[in-house]
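Asker: I have a structure here, written as structure tokens, and I will follow up with some questions on it.
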Amino acid sequence: MRRKHDQTPATPRSPRRPLPQSLGMYRYGWRAIQLVWQTNWRLTVIYGLLTVVAGLLPAAIAYVGKLIVDTVIVAAQSGLVADRNTALLYLAIEAGLVAVLAGARQGVNLCQSLLRALLGQRVNWMILEKAQTLPLTYFEDSEFYDKMTQARREASSRPLAMVNRTFGVVQDALSLVTFGGLLLQFSGWAVALLTLATLPAFMAETQFAGEAFRLFKWRSPETRQQSYLETLLAREDYAKEVKLFQVGPLLLQRYQDIFHRLYQEDRNLTLRRNGWGYGLGLLSTAAFYGAYCWIVLDAIAGRISLGELTMYLTVFRQGQSTFTHTLTAIGGMYEDGLYLANLYEFLEQPVPADTGYADRGTDPGDGLRFEAVSFSYPGCDRLALAEVSFHLKPGQKLAIVGENGSGKTTLIKLLTRLYTPSQGRILLDGRDLQSWDAQVLQRRIGVIFQDFVRYQFKVGENIGVGDVAEFDNLRRWQTAATKGTATPFIETLPQQFDTQLGRWFKGGQELSGGQWQKIALSRAFMRSRADILVLDEPTSAMDAAAEAQIFDQFRTATQNQMAILISHRFSTVRRADTILVLDRGRVIEQGTHEELLHQGGRYAQLFTLQAAGYQ
């Protein structure tokens with residue numbers, strides 16, 4: 001029997017927002033208009049003008065309709081051609097106004113469609129641009145992913161929805177002013193009835209909008225988990241293991257369980273929302289028919305004409321519908337404001353200022369120094385690195401060895417300024433790393449991480465990303481591929497450097513693990529001006545012959561560069577000028593291959609164990 005998942009706890013109830021805070025949500029209407037204006041100001045102006053036209057014409061059409069009815073009655077009683085022509089003239093005027101109104105509404109829809117595409121792209125670009133400015137620590141925090149998920153899920157549509165509703169409220173307000181002017185000729189109480197009958201529905205809608213938003217925000221982790229399960233089930237790089245271990249049904253069941261939990265919450269909210277909407281809608285209907293009866297009785301009593309009867313009924317019906325639409329739009333603006341608050345909370349979160357300014361060091365011949373560097377990851381008490389010190393001179397090669405989790409990759413992240421040391425300092429050419437301009441520093445370092453990215457790009461583009469300034473430079477691709485020993489297999493591909501890699505797009509070619517590593521190594525060599533080259537397990541997927549060839553080429557290609565090599569293969573490590581042995585974030589041994597073997601410590605033990613495997 002399938003084991004049931006633990007039940008998700010009930011959705012926490014958020015405290016009611018105080019009135020000033022609730023009203024504060026509407027300030028995002030102005031910010032949304034600014035965003036739309038910045039996206040395309042011409043379309044925004046046209047949108048606004050058409051909104052005004054669409055707001056004024058309905059009352060004018062209703063009034064002309066009243067004139068038509070009255071002149072028809074007069075013409076029928078008098079039989080005069082002039083009266084008949086007057087009625088036809090009013091009919092032509094009404095037809096013209098209806099045509100203009102239809103055109104204005106169609107124009108509004110057209111502006112909305114165009115702005116929707118432009119604005120959706122702009123907002124997503126803003127979110128992704130913001131993500132690029134944030135430190136790496138953000139991307140290793142689950143709460144950050146929740147914030148980004150909340151910002152992205154509906155933020156691309158909410159700004160335009162807020163603008164549409166804002167413009168819609170302006171349009172409805174113009175209509176209501178003109179409707180109210182006509183209804184006041186009948187009775188001020190009719191205007192009051194029109195207003196009061198729609199308020200309960202507005203209050204209920206605002207309450208449910210707040211509940212819907214709290215539900216959306218509370219369950220962002222589950223939504224991300226569902227997206228992750230979709231990735232596991234649908235991506236080619238996971239498919240082979242999912243099929244081999246027959247884990248697909250388990251993942252599908254977990255996906256289905258999450259959906260049912262979310263669906264149950266949505267269903268309960270939808271049922272309550274629609275139930276209250278129907279009940280309060282009946283109140284508005286009762287108010288309309290009460291006013292209907294009132295107007296009919298006045299017409300029977302002769303206090304208003306048949307044309308006025310027609311006009312007042314039309315105006316009251318349209319006025320009530322417009323007022324309901326206005327209040328619904330205002331409630332929707334409140335909900336949009338909640339989502340936009342999420343978006344701007346993400347976009348406006350502070351980014352640590354880069355205080356680095358230097359483009360060169362004070363002692364160019366000093367190379368790289370780590371001085372008592374310690375570091376712990378955010379939220380973790382254990383030190384990932386503890387008082388690490390070493391000196392790498394220009395042209396020297398440093399190898400770092402140690403068990404998994406000993407801090408090797410963390411050290412590289414500190415060197416590339418993806419993180420800042422908790423204690424101690426790192427010097428390059430005699431200057432503290434924090435004083436360097438970040439872009440200048442990173443251009444001086446070429447890195448291939450163990451978990452390098454396999455871009456679904458062409459071969460040349462996969463190499464070119466190593467230096468975006470030379471991204472599409474064929475000559476540089478060829479030079480880097482030669483240094484990375486990738487040229488022989490690239491020449492066997494159907495279109496060589498123009499061959500599409502990966503299976504995501506048509507005609508894509510998949511490479512072996514070793515071939516991908518050669519592409520990544522070539523990518524590191526794209527930075528021809530880099531004087532530090534870092535290789536993190538660069539040959540883990542290669543055979544021994546390919547590894548030996550790569551490191552012979554590597555030493556030749558980096559004669560004048562500092563190089564840092566992380567590897568578990570001692571046949572490679574032994575060629576380094578200095579070897580650093582890490583254990584739980586601390587340097588426990590340091591020296592040449594011969595010196596470390598002579599010490600008979602941890603390095604000698606690991607080397608002996610590995611060497612025994614080849615005997």
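In the structure tokens, chains take letters A, B, ... by order of appearance, with residues numbered from 1 within each chain and ligands from 1 in the order shown.
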Could you pull out all residues of region 307-510 of chain A with a DSSP call of strand (DSSP E) and give them as a ChimeraX atom specification?

Answerer: /A:368-375,385-392,397-402,423-428,431-432,445-448

Asker: Can you write out as CSV which residues of region 367-401 of chain A fall within 12 Å of region 424-445 of chain A, alongside each residue's closest atom pair and its distance in Å to one decimal, counting only C-alpha atoms and ordering rows by chain and ascending residue number?

Answerer:
residue,atom,partner,partner_atom,distance
A:Gly367,CA,A:Asp429,CA,5.0
A:Leu368,CA,A:Leu428,CA,4.7
A:Arg369,CA,A:Leu427,CA,5.0
A:Phe370,CA,A:Ile426,CA,4.7
A:Glu371,CA,A:Arg425,CA,5.5
A:Ala372,CA,A:Gly424,CA,4.9
A:Val373,CA,A:Gly424,CA,4.3
A:Ser374,CA,A:Gly424,CA,6.3
A:Phe375,CA,A:Gly424,CA,8.9
A:Leu385,CA,A:Gly424,CA,10.8
A:Ala386,CA,A:Gly424,CA,9.6
A:Glu387,CA,A:Gly424,CA,7.3
A:Val388,CA,A:Gly424,CA,8.7
A:Ser389,CA,A:Ile426,CA,9.1
A:Phe390,CA,A:Ile426,CA,9.8
A:His391,CA,A:Leu427,CA,9.4
A:Leu392,CA,A:Leu428,CA,9.7
A:Lys393,CA,A:Asp429,CA,9.4
A:Pro394,CA,A:Asp429,CA,9.3

Asker: Hey, which of A:Met126, A:Ala76, A:Leu297, A:Leu535 ends up closest to Asp451 (chain A)? Count only C-alpha atoms.

Answerer: A:Leu535

Asker: Considering only C-alpha atoms, state which residue in the set A:Ala358, A:Thr482, A:Ile330, A:Leu582 is at the smallest distance from Val169 (chain A).

Answerer: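 The closest residue to Val169 (chain A) is A:Ile330.
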